[in-house]
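For reference, the structure is listed below as structure tokens.
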Amino acid sequence: MSRRWLGRVLGLVLLLLVSAPGAAWAAGPGAGTPAVSSGTSPVAPHAAGAVCAVYCDTRDPSLARQETFPVANKIVNGRRIELHVSDTDDMAWASIDDGQLNDSVWLDRSWDGGTTWDGLLGKASIPSTWTGTRTLMYNLYDPTNHRRAVLRACGDAQGVACTDWAHTAVCAQRCDGADPGTGTGDLRPVPDTALSGRTIALHMDNSGMAWATIAGGTAGDEVWLDRSWDSGASWPDGSSKGRTSVPSGATGTRTTAFNTSDPLGKLYGGAVRACGRAVEGQNGSCTAWARPTASHTAAAADALMYSYDPNTAYWPSSWWNSAVALSTVIDYMRQTGDTRYLWVVDRTFQVNKAAFPAGARSSDPIDGDFISRATDDAEWWALAWVDAYDLTGNRTYLNEAVTIATYVNGLWDTGSCGGGVWWDRERTYKNAVTNGLYVRLTAELHNRLGGGDTLWLGRATTSWNWFRNSGLINASGLVNDGLTSGCANNGQTVWSYNQGLAIGAAVEIWRATGDGTALTTARRLADAAVAAPSLVTSGLLTETCDSLTATCDDNAKQFKGVFMRYLQDLSGATGGAYTGFAATQAASIWSADRDSLNRLGERWSGQGTSDHPNVRDWRTQASALSALLAAG
């Protein structure tokens with residue numbers, strides 16, 4: 001082992017023992033340029049907060065899956081200061097070599113493009129007899145809090161010096177600062193804004209790059225883009241992008257083009273706006289914030305992924321809803337071929353297959369393998385892992401679905417109502433959601449396991465026959481919520497997701513058995529739903545709680561998407577019988593239920609009142625995305 005490498009290793013060991021949290025350098029005149037004459041950096045009194053994305057700050061660089069050198073080394077008094085970046089891990093570390101005892105190295109991290117920074121991150125000093133050391137790794141991005149950083153390596157070797165900042169530009173298909181003419185398409189996602197006779201416009205191409213124009217002006221007028229990673233709440237590293245002036249003799253100009261997402265940093269759903277200033281006076285004007293709109297489903301998927309937390313690896317803070325959201329993202333990838341979110345599947349699986357105490361993921365404890373006392377919660381996750389298997393071919397996911405389904409089968413009980421799965425471990429209720437999920441799951445397993453499976457086929461057909469004859473389906477062909485203690489239909493609310501699950505169960509049974517009567521039942525259930533005033537209002541799928549005098553809870557916000565998912569499945573099996581209904585939903589969602597950031601609401605009509613506004617969150621987003629996907 002070389003003396004230089006041993007120095008790095010020993011320095012890392014000492015760093016783990018003695019390094020203190022980094023401190024922030026305050027911005028002031030000349031901020032961004034460290035003092036070179038002294039060996040001490042100006043340090044503000046507050047410590048920098050640790051950041052956790054896929055990994056947390058202070059990860060061991062020996063675990064890095066990649067090592068690149070995005071900026072030139074810095075030489076100070078013969079010492080070499082180097083910035084190392086692993087784009088695979090979204091992390092960076094710094095090293096110093098050819099040094100002497102007590103020379104030091106650290107990282108600076110800035111959340112505003114280098115104007116201010118948290119300094120001395122991971123500061124390490126060269127120990128006795130060795131010539132180099134390195135810091136631990138720190139995150140380049142903070143997707144949980146919707147922030148993008150730039151980092152640099154700094155060292156003190158009888159004088160302080162730093163490398164350039166790394167990753168100052170966002171690069172996806174193209175890099176920030178591209179010529180708008182090199183892209184395809186020119187959409188204006190929001191209305192232009194006017195300023196003293198000038199027109200300021202926001203433009204986007206088909207890849208989601210944006211630029212701004214100003215027209216009808218005069219020489220000296222200015223135009224620029226602002227870019228925000230947190231839906232327009234702030235834009236510390238994205239102010240005045242591409243700022244340019246109208247040249248002499250001209251009446252307008254445009255900026256260069258900038259990315260609206262940073263997939264490298266898992267920052268989806270970035271927003272931009274176009275701004276301009278007239279040469280006379282200091283007045284300016286900006287358009288509304290916007291996200292790309294070239295593809296409706298991609299726009300909705302980006303807005304959904306905006307709320308995914310890579311650290312906890314789910315959509316906080318709803319457990320079963322996250323399973324359905326993951327299935328929706330998988331549906332999107334399978335249907336469109338856009339696999340930008342493929343990492344989300346394994347990330348969600350690896351983090352969340354563990355056990356969690358009550359309150360960490362759900363109000364119930366999670367036992368591990370996505371199992372809890374709520375049977376339907378476990379089943380939603382099982383269906384998600386079947387979907388993941390269909391997308392990736394990774395048998396691990398299918399095995400997980402079998403593990404969950406085996407647990408659920410233990411709650412099948414012929415001693416009550418002749419069969420059916422209990423809703424919970426306490427065996428308090430037999431309801432439609434739990435049993436619709438069970439039929440669909442068992443049939444899906446049979447259809448994928450092959451090899452002469454009879455176990456899951458038997459369970460699927462038994463559960464389907466029980467469901468069909470249980471009384472859960474009323475005389476109108478609608479599915480009520482559950483059964484009474486006396487095993488009769490309880491007449492409770494007809495929720496769209498129960499109807500959808502019954503449709504999906506019948507379709508999968510038809511695939512498993514070839515029984516045409518199952519497909520006929522699926523069509524009867526779908527036709528009943530589409531014609532039911534309790535589920536459809538003015539042509540739009542409408543939950544009972546969607547009325548203008550009510551608001552759906554977090555569970556019901558996602559019900560309609562489940563219905564549309566399985567209606568799409570039935571439509572595909574019947575030559576497109578329900579594509580017209582799906583197209584009506586999608587058209588209203590896009591035209592009436594969407595804001596400029598492509599957030600989709602609870603009521604697909606877009607209606608709301610001051611007391612009961614049209615709520616938008618990631619649950620309503622996932623639900624509406626399923627409707628957009630159903631429309632094709």
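As shown in the structure tokens, the chain order sets the letters A, B, ...; within each chain, residues go from 1, and ligands are also counted from 1 in the order they appear.
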Quiz item: Any idea what's packed within 8 Å of A:Thr199, counting only C-alpha atoms, ignoring anything in its chain fewer than 4 positions away? Could you give it as a PyMOL selection string?
Solution: chain A and resi 192-195+213-217
Only all heavy atoms, please: the residues just picked out, written as a CSV table (one decimal), in the first residue's frame.
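Wrote result.csv, looks like this:
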chain,number,residue,atom,x,y,z
A,192,ASP,N,-49.0,34.8,-21.6
A,192,ASP,CA,-48.0,35.8,-21.6
A,192,ASP,C,-48.3,36.9,-20.5
A,192,ASP,O,-49.4,37.0,-20.1
A,192,ASP,CB,-47.8,36.4,-22.9
A,192,ASP,CG,-47.6,35.4,-24.0
A,192,ASP,OD1,-47.1,34.3,-23.7
A,192,ASP,OD2,-47.8,35.8,-25.2
A,193,THR,N,-47.3,37.6,-20.2
A,193,THR,CA,-47.5,38.8,-19.3
A,193,THR,C,-47.1,40.1,-20.1
A,193,THR,O,-46.2,40.0,-20.9
A,193,THR,CB,-46.7,38.7,-18.0
A,193,THR,OG1,-47.0,39.8,-17.1
A,193,THR,CG2,-45.2,38.7,-18.2
A,194,ALA,N,-47.8,41.1,-19.8
A,194,ALA,CA,-47.5,42.4,-20.5
A,194,ALA,C,-46.9,43.4,-19.6
A,194,ALA,O,-47.1,43.4,-18.4
A,194,ALA,CB,-48.8,43.0,-21.0
A,195,LEU,N,-46.0,44.2,-20.1
A,195,LEU,CA,-45.3,45.3,-19.4
A,195,LEU,C,-45.0,46.4,-20.3
A,195,LEU,O,-44.2,46.4,-21.2
A,195,LEU,CB,-44.0,44.7,-18.8
A,195,LEU,CG,-43.0,45.6,-18.1
A,195,LEU,CD1,-43.7,46.2,-16.8
A,195,LEU,CD2,-41.7,45.0,-17.8
A,213,THR,N,-38.9,34.9,-23.8
A,213,THR,CA,-38.8,35.9,-24.8
A,213,THR,C,-39.4,37.2,-24.4
A,213,THR,O,-40.4,37.2,-23.6
A,213,THR,CB,-39.5,35.5,-26.1
A,213,THR,OG1,-40.9,35.2,-25.9
A,213,THR,CG2,-38.8,34.2,-26.7
A,214,ILE,N,-38.9,38.3,-24.9
A,214,ILE,CA,-39.6,39.6,-24.8
A,214,ILE,C,-39.8,40.2,-26.2
A,214,ILE,O,-38.9,40.1,-27.0
A,214,ILE,CB,-38.8,40.5,-23.9
A,214,ILE,CG1,-39.6,41.8,-23.6
A,214,ILE,CG2,-37.4,40.8,-24.4
A,214,ILE,CD1,-38.9,42.7,-22.5
A,215,ALA,N,-40.9,40.8,-26.5
A,215,ALA,CA,-41.2,41.3,-27.8
A,215,ALA,C,-41.9,42.7,-27.6
A,215,ALA,O,-42.5,43.0,-26.6
A,215,ALA,CB,-42.1,40.4,-28.6
A,216,GLY,N,-41.8,43.5,-28.7
A,216,GLY,CA,-42.5,44.8,-28.6
A,216,GLY,C,-41.7,45.8,-27.8
A,216,GLY,O,-42.3,46.7,-27.3
A,217,GLY,N,-40.5,45.6,-27.5
A,217,GLY,CA,-39.7,46.4,-26.6
A,217,GLY,C,-38.7,47.3,-27.3
A,217,GLY,O,-38.8,47.6,-28.5
Residues of stretch 527-590 of chain A classed as alpha helix (DSSP H) by DSSP on the backbone are to be reported as a short mmCIF file (atom, residue, chain, number, x, y, z; two decimals) with N, CA, C and O atoms, in the first residue's frame.
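Contents of states18.cif, as written:
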data_model
loop_
_atom_site.label_atom_id
_atom_site.label_comp_id
_atom_site.auth_asym_id
_atom_site.auth_seq_id
_atom_site.Cartn_x
_atom_site.Cartn_y
_atom_site.Cartn_z
N ASP A 527 -70.77 -1.46 -16.67
CA ASP A 527 -71.93 -0.76 -17.23
C ASP A 527 -72.80 -0.17 -16.12
O ASP A 527 -73.33 0.94 -16.25
N ALA A 528 -72.93 -0.92 -15.04
CA ALA A 528 -73.72 -0.43 -13.90
C ALA A 528 -73.07 0.82 -13.31
O ALA A 528 -73.76 1.79 -12.95
N ALA A 529 -71.76 0.81 -13.21
CA ALA A 529 -71.06 1.96 -12.62
C ALA A 529 -71.20 3.19 -13.50
O ALA A 529 -71.50 4.30 -13.03
N VAL A 530 -70.97 3.02 -14.78
CA VAL A 530 -71.01 4.16 -15.71
C VAL A 530 -72.40 4.78 -15.76
O VAL A 530 -72.56 6.00 -15.97
N ALA A 531 -73.43 3.98 -15.51
CA ALA A 531 -74.81 4.48 -15.56
C ALA A 531 -75.34 4.93 -14.20
O ALA A 531 -76.45 5.47 -14.13
N PHE A 559 -59.56 6.76 -4.63
CA PHE A 559 -60.45 5.69 -5.06
C PHE A 559 -60.72 5.69 -6.57
O PHE A 559 -60.72 4.64 -7.22
N LYS A 560 -60.97 6.85 -7.14
CA LYS A 560 -61.38 6.90 -8.55
C LYS A 560 -60.28 6.38 -9.47
O LYS A 560 -60.55 5.78 -10.50
N GLY A 561 -59.03 6.61 -9.09
CA GLY A 561 -57.93 6.10 -9.90
C GLY A 561 -57.90 4.59 -9.94
O GLY A 561 -57.56 3.98 -10.98
N VAL A 562 -58.26 3.94 -8.82
CA VAL A 562 -58.33 2.48 -8.81
C VAL A 562 -59.40 2.00 -9.78
O VAL A 562 -59.19 1.05 -10.56
N PHE A 563 -60.55 2.66 -9.78
CA PHE A 563 -61.61 2.29 -10.72
C PHE A 563 -61.12 2.41 -12.15
O PHE A 563 -61.31 1.50 -12.97
N MET A 564 -60.45 3.53 -12.47
CA MET A 564 -60.02 3.75 -13.85
C MET A 564 -58.94 2.76 -14.27
O MET A 564 -58.88 2.35 -15.43
N ARG A 565 -58.12 2.37 -13.33
CA ARG A 565 -57.07 1.39 -13.65
C ARG A 565 -57.69 0.07 -14.12
O ARG A 565 -57.26 -0.51 -15.13
N TYR A 566 -58.69 -0.39 -13.40
CA TYR A 566 -59.28 -1.68 -13.76
C TYR A 566 -60.31 -1.56 -14.87
O TYR A 566 -60.55 -2.53 -15.61
N LEU A 567 -60.90 -0.38 -15.03
CA LEU A 567 -61.75 -0.17 -16.20
C LEU A 567 -60.89 -0.21 -17.46
O LEU A 567 -61.31 -0.75 -18.49
N GLN A 568 -59.69 0.36 -17.39
CA GLN A 568 -58.77 0.29 -18.52
C GLN A 568 -58.42 -1.16 -18.84
O GLN A 568 -58.35 -1.56 -20.02
N ASP A 569 -58.21 -1.97 -17.81
CA ASP A 569 -57.91 -3.38 -18.01
C ASP A 569 -59.07 -4.08 -18.74
O ASP A 569 -58.85 -4.84 -19.69
N LEU A 570 -60.28 -3.81 -18.29
CA LEU A 570 -61.45 -4.40 -18.94
C LEU A 570 -61.60 -3.89 -20.37
O LEU A 570 -61.91 -4.66 -21.28
N SER A 571 -61.37 -2.61 -20.56
CA SER A 571 -61.50 -2.04 -21.90
C SER A 571 -60.53 -2.70 -22.86
O SER A 571 -60.88 -3.02 -24.01
N GLY A 572 -59.31 -2.97 -22.39
CA GLY A 572 -58.34 -3.64 -23.24
C GLY A 572 -58.75 -5.06 -23.58
O GLY A 572 -58.41 -5.57 -24.66
N ALA A 573 -59.49 -5.69 -22.67
CA ALA A 573 -59.92 -7.07 -22.90
C ALA A 573 -61.18 -7.15 -23.75
O ALA A 573 -61.56 -8.25 -24.18
N THR A 579 -63.22 3.15 -23.84
CA THR A 579 -62.27 4.22 -24.14
C THR A 579 -62.95 5.58 -24.19
O THR A 579 -62.35 6.59 -23.84
N GLY A 580 -64.20 5.62 -24.62
CA GLY A 580 -64.92 6.90 -24.67
C GLY A 580 -65.11 7.47 -23.28
O GLY A 580 -64.92 8.68 -23.06
N PHE A 581 -65.49 6.64 -22.34
CA PHE A 581 -65.66 7.10 -20.97
C PHE A 581 -64.32 7.59 -20.41
O PHE A 581 -64.26 8.66 -19.78
N ALA A 582 -63.26 6.85 -20.68
CA ALA A 582 -61.94 7.26 -20.19
C ALA A 582 -61.51 8.58 -20.81
O ALA A 582 -60.94 9.45 -20.13
N ALA A 583 -61.78 8.74 -22.10
CA ALA A 583 -61.39 9.99 -22.78
C ALA A 583 -62.12 11.18 -22.18
O ALA A 583 -61.55 12.28 -22.07
N THR A 584 -63.38 11.01 -21.80
CA THR A 584 -64.13 12.10 -21.18
C THR A 584 -63.50 12.51 -19.86
O THR A 584 -63.37 13.71 -19.56
N GLN A 585 -63.07 11.52 -19.06
CA GLN A 585 -62.44 11.84 -17.78
C GLN A 585 -61.13 12.60 -18.01
O GLN A 585 -60.88 13.63 -17.37
N ALA A 586 -60.33 12.10 -18.93
CA ALA A 586 -59.02 12.70 -19.17
C ALA A 586 -59.15 14.13 -19.70
O ALA A 586 -58.40 15.02 -19.29
N ALA A 587 -60.10 14.35 -20.58
CA ALA A 587 -60.26 15.69 -21.15
C ALA A 587 -60.64 16.70 -20.08
O ALA A 587 -60.13 17.83 -20.04
N SER A 588 -61.53 16.32 -19.18
CA SER A 588 -61.94 17.24 -18.12
C SER A 588 -60.81 17.46 -17.13
O SER A 588 -60.57 18.59 -16.67
N ILE A 589 -60.10 16.41 -16.79
CA ILE A 589 -58.98 16.54 -15.86
C ILE A 589 -57.97 17.55 -16.40
O ILE A 589 -57.50 18.44 -15.69
N TRP A 590 -57.61 17.41 -17.65
CA TRP A 590 -56.56 18.26 -18.21
C TRP A 590 -57.03 19.70 -18.42
O TRP A 590 -56.27 20.64 -18.19
#
Practice problem: For A:Arg395, list every protein, DNA or RNA residue within 10 Å, evaluated using only C-alpha atoms, and leave out those in the same chain fewer than 6 positions away; present the list as an MDAnalysis selection string. | Solution: chainID A and resid 385:386 388:389 401 449
Could you take the residues named above and write them with N, CA and C atoms, as a PDB file, in the first residue's frame?
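Heads up, here's the output in part22.pdb:
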ATOM      1  N   TRP A 385     -46.140  -5.255  -6.011  1.00  0.00           N
ATOM      2  CA  TRP A 385     -44.948  -6.057  -6.329  1.00  0.00           C
ATOM      3  C   TRP A 385     -45.192  -6.988  -7.508  1.00  0.00           C
ATOM      4  N   VAL A 386     -46.423  -7.407  -7.730  1.00  0.00           N
ATOM      5  CA  VAL A 386     -46.712  -8.119  -8.985  1.00  0.00           C
ATOM      6  C   VAL A 386     -46.485  -7.174 -10.165  1.00  0.00           C
ATOM      7  N   ALA A 388     -44.465  -4.673 -10.243  1.00  0.00           N
ATOM      8  CA  ALA A 388     -43.023  -4.491 -10.371  1.00  0.00           C
ATOM      9  C   ALA A 388     -42.381  -5.665 -11.098  1.00  0.00           C
ATOM     10  N   TYR A 389     -42.862  -6.860 -10.810  1.00  0.00           N
ATOM     11  CA  TYR A 389     -42.369  -8.040 -11.528  1.00  0.00           C
ATOM     12  C   TYR A 389     -42.698  -7.940 -13.012  1.00  0.00           C
ATOM     13  N   ALA A 401     -44.766 -10.841  -3.352  1.00  0.00           N
ATOM     14  CA  ALA A 401     -46.222 -10.897  -3.483  1.00  0.00           C
ATOM     15  C   ALA A 401     -46.757 -12.232  -2.976  1.00  0.00           C
ATOM     16  N   LEU A 449     -47.090 -17.447 -12.114  1.00  0.00           N
ATOM     17  CA  LEU A 449     -46.229 -18.503 -11.586  1.00  0.00           C
ATOM     18  C   LEU A 449     -46.035 -19.637 -12.577  1.00  0.00           C
TER      19      LEU A 449
END
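For stretch 489-491 of chain A, the residues within 12 Å (counting only C-alpha atoms, excluding itself and residues fewer than 2 positions away along the chain) are Cys417, Tyr429, Lys430, Asn431, Ala432, Phe467, Asn469, Ser470, Gly471, Leu472, Ile473, Asn474, Ala475, Ser476, Leu478, Val479, Asn480, Asp481, Gly482, Leu483, Thr484, Ser485, Gly486, Cys487, Thr493, Val494 and Trp495 of chain A.
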Quiz item: How many Å separate atom CA of A:Ala506 from atom CA of A:Thr339?
Solution: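 Atom-to-atom, atom CA of A:Ala506 and atom CA of A:Thr339 are spaced 29.7 Å apart.
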Per residue of stretch 464-538 of chain A within 12 Å of stretch 604-614 of chain A, what are the shortest atom pair and its distance in Å to one decimal, counting only C-alpha atoms, with rows by chain and residue number, as a Markdown table?
| residue | atom | partner | partner_atom | distance |
| --- | --- | --- | --- | --- |
| A:Val536 | CA | A:Trp604 | CA | 11.1 |
| A:Thr537 | CA | A:Ser605 | CA | 9.4 |
| A:Ser538 | CA | A:Ser605 | CA | 9.2 |
May I have the residues from that selection written out with N, CA and C atoms, as a PDB file, in the first residue's frame?
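Contents of again-v4.pdb, as written:
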ATOM      1  N   VAL A 536     -71.410   8.616 -11.181  1.00  0.00           N
ATOM      2  CA  VAL A 536     -71.120   9.448 -12.349  1.00  0.00           C
ATOM      3  C   VAL A 536     -72.056  10.647 -12.359  1.00  0.00           C
ATOM      4  N   THR A 537     -71.468  11.840 -12.483  1.00  0.00           N
ATOM      5  CA  THR A 537     -72.220  13.093 -12.550  1.00  0.00           C
ATOM      6  C   THR A 537     -71.801  13.857 -13.796  1.00  0.00           C
ATOM      7  N   SER A 538     -72.747  14.134 -14.658  1.00  0.00           N
ATOM      8  CA  SER A 538     -72.468  14.858 -15.912  1.00  0.00           C
ATOM      9  C   SER A 538     -71.320  14.208 -16.681  1.00  0.00           C
TER      10      SER A 538
END
